[in-house]
Structures are given as structure tokens and as C-alpha cells.
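Below is the file target27.csv, which contains CSV, C-alpha atoms.
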```
chain,number,residue,atom,x,y,z
E,188,MET,CA,28.9,-19.3,21.0
E,189,LYS,CA,26.5,-19.6,23.8
E,190,GLY,CA,26.0,-15.8,23.9
E,191,THR,CA,25.3,-15.7,20.2
E,192,LEU,CA,22.7,-18.4,20.5
E,193,GLU,CA,21.1,-16.6,23.4
E,194,ARG,CA,20.8,-13.4,21.4
E,195,VAL,CA,19.4,-15.3,18.4
E,196,GLY,CA,16.9,-17.0,20.7
E,197,GLY,CA,15.9,-13.7,22.3
E,198,LYS,CA,15.3,-12.1,18.8
E,199,ILE,CA,13.1,-15.1,17.8
E,200,ILE,CA,11.1,-14.8,21.0
E,201,ARG,CA,10.7,-11.0,20.5
E,202,PHE,CA,9.7,-11.6,16.8
E,203,ASN,CA,7.0,-14.1,18.0
E,204,GLU,CA,5.8,-11.6,20.6
E,205,ILE,CA,5.5,-8.8,18.0
E,206,LEU,CA,3.7,-11.1,15.5
E,207,GLY,CA,1.3,-12.2,18.2
E,208,GLU,CA,0.6,-8.6,19.3
E,209,MET,CA,-0.1,-7.6,15.7
E,210,VAL,CA,-2.4,-10.5,15.2
E,211,ILE,CA,-4.3,-9.6,18.3
E,212,LEU,CA,-4.5,-5.9,17.2
E,213,LEU,CA,-5.8,-7.1,13.8
E,214,GLY,CA,-8.5,-9.3,15.4
E,215,GLN,CA,-9.6,-6.4,17.6
E,216,THR,CA,-9.8,-4.0,14.7
E,217,LEU,CA,-11.8,-6.4,12.6
E,218,TYR,CA,-14.1,-7.0,15.6
E,219,PHE,CA,-14.9,-3.3,15.8
E,220,PHE,CA,-15.8,-3.1,12.1
E,221,ARG,CA,-19.4,-3.4,13.3
E,222,GLU,CA,-19.0,0.0,14.9
E,223,ALA,CA,-18.2,1.6,11.5
E,224,PRO,CA,-21.6,3.3,11.0
E,225,ARG,CA,-21.2,5.1,14.3
E,226,ASN,CA,-17.7,6.3,13.3
E,227,LEU,CA,-18.4,7.4,9.8
E,228,GLN,CA,-17.1,10.9,10.2
E,229,SER,CA,-13.7,9.6,11.4
E,230,ILE,CA,-13.6,7.2,8.5
E,231,LEU,CA,-14.3,9.9,6.0
E,232,THR,CA,-11.6,12.1,7.5
E,233,GLN,CA,-9.1,9.4,7.2
E,234,MET,CA,-10.2,8.6,3.6
E,235,ALA,CA,-9.6,12.3,2.7
E,236,ILE,CA,-6.1,12.1,4.2
E,237,ILE,CA,-5.1,8.8,2.7
E,238,GLY,CA,-7.0,9.0,-0.6
E,239,TYR,CA,-7.8,12.5,-1.8
E,240,GLU,CA,-4.6,14.2,-0.6
E,241,THR,CA,-2.5,11.4,-2.2
E,242,LEU,CA,-4.1,11.9,-5.7
E,243,PRO,CA,-1.7,14.6,-7.0
E,244,VAL,CA,1.5,12.6,-6.2
E,245,ALA,CA,-0.1,9.4,-7.4
E,246,SER,CA,-1.0,11.0,-10.7
E,247,VAL,CA,2.4,12.3,-11.5
E,248,MET,CA,4.1,9.1,-10.4
E,249,ALA,CA,1.8,6.8,-12.3
E,250,PHE,CA,1.9,8.9,-15.5
E,251,PHE,CA,5.7,8.9,-15.7
E,252,VAL,CA,6.0,5.2,-14.7
E,253,GLY,CA,3.6,4.4,-17.6
E,254,MET,CA,5.8,6.5,-19.9
E,255,VAL,CA,9.0,4.7,-18.7
E,256,LEU,CA,7.4,1.3,-19.2
E,257,ALA,CA,6.3,2.1,-22.7
E,258,LEU,CA,9.7,3.6,-23.6
E,259,GLN,CA,11.7,0.7,-22.2
E,260,THR,CA,9.6,-2.0,-23.8
E,261,GLY,CA,8.6,-0.2,-27.0
E,262,VAL,CA,12.1,0.6,-28.1
E,263,GLU,CA,13.3,-3.0,-27.4
E,264,LEU,CA,10.2,-4.6,-29.1
E,265,GLN,CA,10.7,-2.3,-32.1
E,266,LYS,CA,13.9,-4.1,-32.9
E,267,TYR,CA,11.9,-7.3,-33.5
E,268,GLY,CA,8.9,-5.7,-35.0
E,269,GLY,CA,6.7,-6.3,-31.9
E,270,GLN,CA,6.0,-2.7,-30.8
E,271,ASN,CA,2.3,-3.2,-31.5
E,272,ILE,CA,2.0,-5.2,-28.2
E,273,THR,CA,3.4,-2.3,-26.1
E,274,GLY,CA,-0.1,-1.5,-24.7
E,275,ALA,CA,-0.6,-5.1,-23.5
E,276,ILE,CA,2.8,-5.1,-21.7
E,277,VAL,CA,2.3,-1.7,-20.1
E,278,GLY,CA,-1.3,-2.7,-19.0
E,279,PHE,CA,-0.2,-6.1,-17.6
E,280,THR,CA,2.7,-4.5,-15.7
E,281,MET,CA,0.7,-1.7,-14.2
E,282,VAL,CA,-2.3,-3.8,-13.2
E,283,ARG,CA,-0.6,-6.8,-12.0
E,284,GLU,CA,2.5,-5.4,-10.2
E,285,MET,CA,3.6,-1.8,-10.6
E,286,GLY,CA,0.2,-0.3,-9.7
E,287,PRO,CA,-0.4,-2.1,-6.4
E,288,VAL,CA,3.2,-2.0,-5.2
E,289,MET,CA,3.9,1.5,-6.3
E,290,ILE,CA,0.8,3.0,-4.7
E,291,SER,CA,1.2,0.9,-1.5
E,292,PHE,CA,4.7,2.3,-1.1
E,293,LEU,CA,3.5,5.8,-1.7
E,294,VAL,CA,0.7,5.4,0.9
E,295,ALA,CA,3.0,3.8,3.4
E,296,GLY,CA,5.6,6.5,3.1
E,297,ARG,CA,3.1,9.3,3.1
E,298,ALA,CA,0.0,8.4,5.1
E,299,GLY,CA,1.3,5.4,7.0
E,300,SER,CA,4.2,7.4,8.5
E,301,ALA,CA,1.8,10.2,9.4
E,302,MET,CA,-0.5,7.7,11.2
E,303,ALA,CA,2.4,6.2,13.1
E,304,ALA,CA,3.6,9.6,14.2
E,305,GLU,CA,0.2,10.8,15.2
E,306,LEU,CA,-0.6,7.8,17.3
E,307,GLY,CA,3.0,7.8,18.6
E,308,VAL,CA,2.5,11.4,19.9
E,309,MET,CA,-0.8,10.4,21.5
E,310,THR,CA,0.9,7.4,23.2
E,311,VAL,CA,3.9,9.3,24.4
E,312,TYR,CA,1.9,12.1,25.9
E,313,GLU,CA,-0.6,9.7,27.5
E,314,GLU,CA,-3.6,10.6,25.4
E,315,ILE,CA,-4.2,6.9,24.8
E,316,ASP,CA,-4.3,6.3,28.5
E,317,ALA,CA,-6.8,9.3,28.8
E,318,LEU,CA,-9.1,7.6,26.3
E,319,ARG,CA,-9.0,4.4,28.3
E,320,THR,CA,-9.8,6.4,31.4
E,321,LEU,CA,-12.9,7.8,29.6
E,322,ASP,CA,-13.9,4.2,28.7
E,323,ILE,CA,-13.1,4.8,25.0
E,324,ASN,CA,-11.4,1.9,23.3
E,325,PRO,CA,-8.4,3.2,21.4
E,326,VAL,CA,-8.6,0.4,18.8
E,327,ARG,CA,-12.2,1.3,18.0
E,328,TYR,CA,-11.7,5.0,18.1
E,329,LEU,CA,-8.3,5.2,16.3
E,330,ALA,CA,-7.3,2.0,14.6
E,331,MET,CA,-10.6,0.9,13.1
E,332,PRO,CA,-11.3,4.1,11.0
E,333,ARG,CA,-7.8,4.0,9.7
E,334,MET,CA,-8.0,0.4,8.7
E,335,ILE,CA,-11.3,0.8,6.9
E,336,ALA,CA,-10.0,3.9,5.1
E,337,CYS,CA,-6.9,2.1,3.9
E,338,LEU,CA,-8.9,-0.9,2.7
E,339,ILE,CA,-11.1,1.4,0.6
E,340,CYS,CA,-8.6,4.1,-0.5
E,341,VAL,CA,-5.6,1.9,-1.6
E,342,PRO,CA,-7.6,-0.2,-4.1
E,343,ALA,CA,-9.3,3.0,-5.4
E,344,LEU,CA,-5.9,4.7,-5.8
E,345,VAL,CA,-4.5,1.6,-7.6
E,346,VAL,CA,-7.3,1.6,-10.2
E,347,TYR,CA,-6.9,5.3,-10.7
E,348,SER,CA,-3.1,5.0,-11.1
E,349,ASP,CA,-3.4,2.1,-13.5
E,350,CYS,CA,-5.6,4.2,-15.8
E,351,ILE,CA,-3.1,7.2,-15.6
E,352,GLY,CA,-0.1,4.9,-16.2
E,353,ILE,CA,-1.8,3.3,-19.2
E,354,ILE,CA,-2.6,6.8,-20.6
E,355,GLY,CA,1.1,7.8,-20.0
E,356,GLY,CA,2.2,4.7,-21.9
E,357,ALA,CA,-0.1,5.4,-24.8
E,358,PHE,CA,1.2,9.0,-24.9
E,359,ILE,CA,4.8,8.1,-25.3
E,360,SER,CA,4.1,5.1,-27.5
E,361,HIS,CA,2.4,7.3,-30.0
E,362,LEU,CA,4.8,10.2,-29.9
E,363,HIS,CA,8.2,8.4,-29.7
E,364,PRO,CA,9.6,8.2,-33.3
E,365,LYS,CA,11.1,4.7,-32.8
E,366,ILE,CA,7.9,3.2,-31.4
E,367,PHE,CA,5.1,5.2,-33.1
E,368,VAL,CA,2.1,3.0,-32.2
E,369,SER,CA,-1.2,4.5,-32.9
E,370,TYR,CA,-3.7,5.0,-30.0
E,371,SER,CA,-6.1,2.5,-31.5
E,372,THR,CA,-3.4,-0.2,-31.9
E,373,TYR,CA,-2.2,0.5,-28.4
E,374,TYR,CA,-5.6,0.1,-26.8
E,375,ASP,CA,-6.6,-2.9,-29.0
E,376,SER,CA,-3.6,-4.8,-27.8
E,377,LEU,CA,-4.4,-3.7,-24.2
E,378,THR,CA,-8.0,-4.8,-24.3
E,379,ASP,CA,-7.2,-8.1,-26.1
E,380,ALA,CA,-4.6,-9.1,-23.4
E,381,LEU,CA,-5.9,-7.5,-20.2
E,382,LYS,CA,-8.8,-9.5,-18.7
E,383,LEU,CA,-11.0,-8.8,-15.7
E,384,ARG,CA,-9.1,-11.5,-13.7
E,385,GLU,CA,-5.9,-9.5,-13.8
E,386,VAL,CA,-7.7,-6.4,-12.6
E,387,GLY,CA,-9.3,-8.4,-9.8
E,388,ASN,CA,-6.0,-9.8,-8.7
E,389,GLY,CA,-4.5,-6.3,-8.6
E,390,LEU,CA,-7.4,-5.2,-6.4
E,391,ILE,CA,-6.9,-8.2,-4.0
E,392,LYS,CA,-3.2,-7.3,-3.7
E,393,SER,CA,-3.9,-3.6,-3.1
E,394,ALA,CA,-6.6,-4.4,-0.4
E,395,VAL,CA,-4.1,-6.7,1.4
E,396,PHE,CA,-1.3,-4.1,1.2
E,397,GLY,CA,-3.7,-1.4,2.5
E,398,GLY,CA,-4.5,-3.6,5.5
E,399,ILE,CA,-0.8,-4.1,6.1
E,400,ILE,CA,-0.1,-0.4,6.0
E,401,ALA,CA,-2.9,0.4,8.5
E,402,LEU,CA,-2.0,-2.5,10.8
E,403,VAL,CA,1.7,-1.7,11.0
E,404,ALA,CA,1.2,2.1,11.4
E,405,CYS,CA,-1.3,1.6,14.3
E,406,TYR,CA,0.8,-1.1,16.0
E,407,VAL,CA,4.0,0.9,15.8
E,408,GLY,CA,2.1,4.1,17.0
E,409,PHE,CA,0.6,2.3,20.0
E,410,LYS,CA,4.0,0.9,21.0
E,411,THR,CA,5.9,4.2,20.8
E,412,SER,CA,7.9,5.2,23.8
E,413,GLY,CA,10.9,7.5,24.6
E,414,GLY,CA,9.6,11.0,23.9
E,415,PRO,CA,10.2,12.9,20.6
E,416,ARG,CA,13.1,10.7,19.6
E,417,GLY,CA,11.0,7.6,20.0
E,418,ILE,CA,8.3,9.2,17.8
E,419,GLY,CA,10.8,9.7,15.0
E,420,GLN,CA,12.1,6.2,15.4
E,421,SER,CA,8.5,4.8,15.2
E,422,THR,CA,7.8,6.7,12.0
E,423,THR,CA,10.9,5.3,10.4
E,424,ARG,CA,10.1,1.8,11.7
E,425,SER,CA,6.6,2.0,10.4
E,426,VAL,CA,7.7,2.8,6.8
E,427,VAL,CA,10.5,0.2,6.7
E,428,LEU,CA,8.3,-2.6,8.2
E,429,SER,CA,5.5,-1.7,5.8
E,430,PHE,CA,7.8,-1.9,2.8
E,431,MET,CA,9.2,-5.3,3.9
E,432,LEU,CA,5.8,-6.8,4.6
E,433,ILE,CA,4.3,-5.5,1.3
E,434,LEU,CA,7.2,-7.1,-0.7
E,435,ILE,CA,7.0,-10.4,1.2
E,436,SER,CA,3.2,-10.6,0.9
E,437,ASP,CA,3.4,-9.6,-2.8
E,438,TYR,CA,5.5,-12.7,-3.6
E,439,PHE,CA,3.1,-15.1,-1.8
E,440,LEU,CA,0.0,-13.4,-3.3
E,441,THR,CA,1.5,-13.6,-6.7
E,442,ARG,CA,2.1,-17.4,-6.2
E,443,ILE,CA,-1.4,-17.9,-5.0
E,444,LEU,CA,-3.2,-15.8,-7.7
E,445,MET,CA,-1.2,-17.0,-10.7
```
Mind turning the file's structure into C-alpha cells?
Amino acid sequence: MKGTLERVGGKIIRFNEILGEMVILLGQTLYFFREAPRNLQSILTQMAIIGYETLPVASVMAFFVGMVLALQTGVELQKYGGQNITGAIVGFTMVREMGPVMISFLVAGRAGSAMAAELGVMTVYEEIDALRTLDINPVRYLAMPRMIACLICVPALVVYSDCIGIIGGAFISHLHPKIFVSYSTYYDSLTDALKLREVGNGLIKSAVFGGIIALVACYVGFKTSGGPRGIGQSTTRSVVLSFMLILISDYFLTRILM
């Protein structure tokens, strides 16, 4: 019993240490935002990696998610004669929940893992120490551009994916014989129900999720140790931790923004 309590206490202490270190890293990264104009090239490079290179996968994913949403809801609503509101349901679901969470998972799995692996390699092979030797702050040089790129690209990807998902929902709603909602009816229900506030709430969520992805990836990368095996473990840890924090923060943000 005593040994169990000691292990639990040790895990709590370790959790508090990790939380404190992440808060410190976040504070340092935000402090160096003032250096953004001098690091514009690095920021643009990260934006290309996080945003532009994610567009093809995001397009396919969002289009088929919109089609699935329209198929699931439209067929069920048709039983009660309510298929005309399919557009509103697809729009609400994409903008409020599916868009931000889906794209955040995609960016965390694709770009976040790559960031953690890249910084992990630099840490393991002492490139981070070399930067400090040259009087270059790793947070300013490495973490800050990635944080700004995520804060810009994730909301932009979410808006783009929302539009693609809504188009996919309209496509299947019009062509499926059991639903058969005209494009005009679909978009009328969408525009009547979807207000600017819902879009704004989705952007707030996506910006928070983008910050979480960058913070976790940079923290895990800076804390990597143990050679190539440690790099692989850090990559996995970055993705898992990002997913968990995104879902946890999604609940609290939903409660606050409702």
C-alpha cells in the first residue's frame, strides 16, 4: 500500500513538473513573438509545411466527412420529412465540431509528429546545445516560428475544410435518391441556421488547438533523449499527448462558448 501511494505521488509530482515546464515554454514562446518580423522566412517555411502541404489530405478528408454527415442525417431525417434541414445540420457539425477537431488531429499527426521528430533529432545530436553555444535562443529560433505558423494555418485549414465538407454534403444530399434535396434548399437551410458566431467559435477552437499542437511538439522535441529509439518514442508521445489535450480542451471550450 505504501509503495503504491509513493508511485502515485511520484506520478503526480512528475505531472506537475511537466505542466510547469510546458507553461514556462509557452511563456517564453509568446515573449519571443516580438521577434517575428526578423524570423519571417522561418515562419513562412513552417506555414508551407503545416498548411500548404496538408491541403490535399484535408480536402479529401473534409469532402468525404461532409458526405457521410449528409448521408447519415439525411436518410434518417427523410423518414420524418425533415430532410430539408440537412444543410443546417451538416454546416453546424462541420463548423462547430468536426472541422476544428478533425483538422487538428490531422495536423497533429502529420506536422506535429514531424516537428517533434525534427527537434528530437536536434536535441539528441546536440544541435540545440550548439545553438546555445552560438548565443542563439532555441525557443526564439525553433519554437516561436512553429507556434505562429500553427496559430495561423490551423484556423485557415479549418475554414477551408468547413467549406469543402459543406460542398460534399450538398453533393450527396442532391444526388442520393432517398434524400434528394436541391442545392438551393440545402444552402438556404445552411445560411438560415449558421450564424457568424458559430464560425467565430470554430476559429477560436482551432487557434487553441493549433497552439496546443505546436507547444506539445516543441516541448517533447526539446526533452528527447535516448538516441534513435528516443526519437521514435517522442514522436509517438507528441501525437498521443496532442490528441488528449485537444479533446480535453474541446470540452471546456465548448462549455465556455455555448
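Coordinates place atom CA of E:Met248 at a distance of 19.1 Å from atom CA of E:Leu434.
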Next item on the list: With a distance cut-off of 12 Å and only C-alpha atoms, select the neighbouring residues of E:Lys410, excluding the residue or stretch itself and same-chain residues fewer than 4 positions from it, and output the selection as a ChimeraX atom specification.
Entry: /E:205,208-209,212,303-304,306-311,313,315,403-406,414,417-418,420-422,424-425
Checklist line | Nearest to E:Val247, chosen from E:Leu338, E:Leu293, E:Val407, E:Met445, with all atoms listed in the file counted in the distances | finding: E:Leu293
Note to self: Set the distance at 10 Å and use all atoms listed in the file: which residues neighbour E:Pro325 once local chain neighbours fewer than 2 positions away are removed? I'd like the list as a PyMOL selection string.
What the structure shows: chain E and resi 216+306+314-319+322-323+327-331+409
Note to self: Restricting the calculation to only C-alpha atoms: of E:Gly238, E:Gly356, E:Gly296, E:Gly207, which residue gets closest to E:Met281?
What the structure shows: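 Between E:Gly238, E:Gly356, E:Gly296, E:Gly207, the residue approaching E:Met281 most closely is E:Gly356.
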Item checked: Shell around stretch 368-372 of chain E at 7 Å using only C-alpha atoms, local window under 5 positions removed, as a ChimeraX atom specification -> /E:271,357,360-361
Margin query: I'd like to know which of E:Ala235, E:Val346, E:Ile435, E:Met334 is closest to E:Gly214, using all atoms listed in the file.
Written below: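 Of E:Ala235, E:Val346, E:Ile435, E:Met334, the one nearest E:Gly214, counting all atoms listed in the file, is E:Met334.
Atom CA of E:Val282 sits 17.7 Å away from atom CA of E:Phe358.
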Next item on the list: Using all atoms listed in the file, give me every residue within 12 Å of (-1.2, -14.2, -5.9) in file coordinates, as a ChimeraX atom specification.
Entry: /E:283-284,384-385,387-393,395,435-445
Note to self: One number please: atom CA of E:Tyr239 to atom CA of E:Arg333, in Å, one decimal.
What the structure shows: 14.3 Å
Margin query: Could you check which residues have any atom within 9 Å of (0.1, 2.9, -6.2), counting all atoms listed in the file with coordinates taken straight from the file, and then list them as a count of residues only?
Written below: 22
Check: With only C-alpha atoms as the atoms that count, which of E:Leu428, E:Pro332, E:Tyr312, E:Thr273 lies nearest to E:Pro415?
Finding: E:Tyr312
Notebook entry, point to check: Between E:Cys340, E:Ile359, E:Val244, E:Val326, which is the closest to E:Gly261 once you count all atoms listed in the file?
Noted result: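 Checking each candidate against E:Gly261, we get E:Ile359 as the closest.
Restricting the calculation to all atoms listed in the file, the smallest distance between E:Phe250 and any of E:Ala394, E:Cys350, E:Met431, E:Ala275 is found for E:Cys350.
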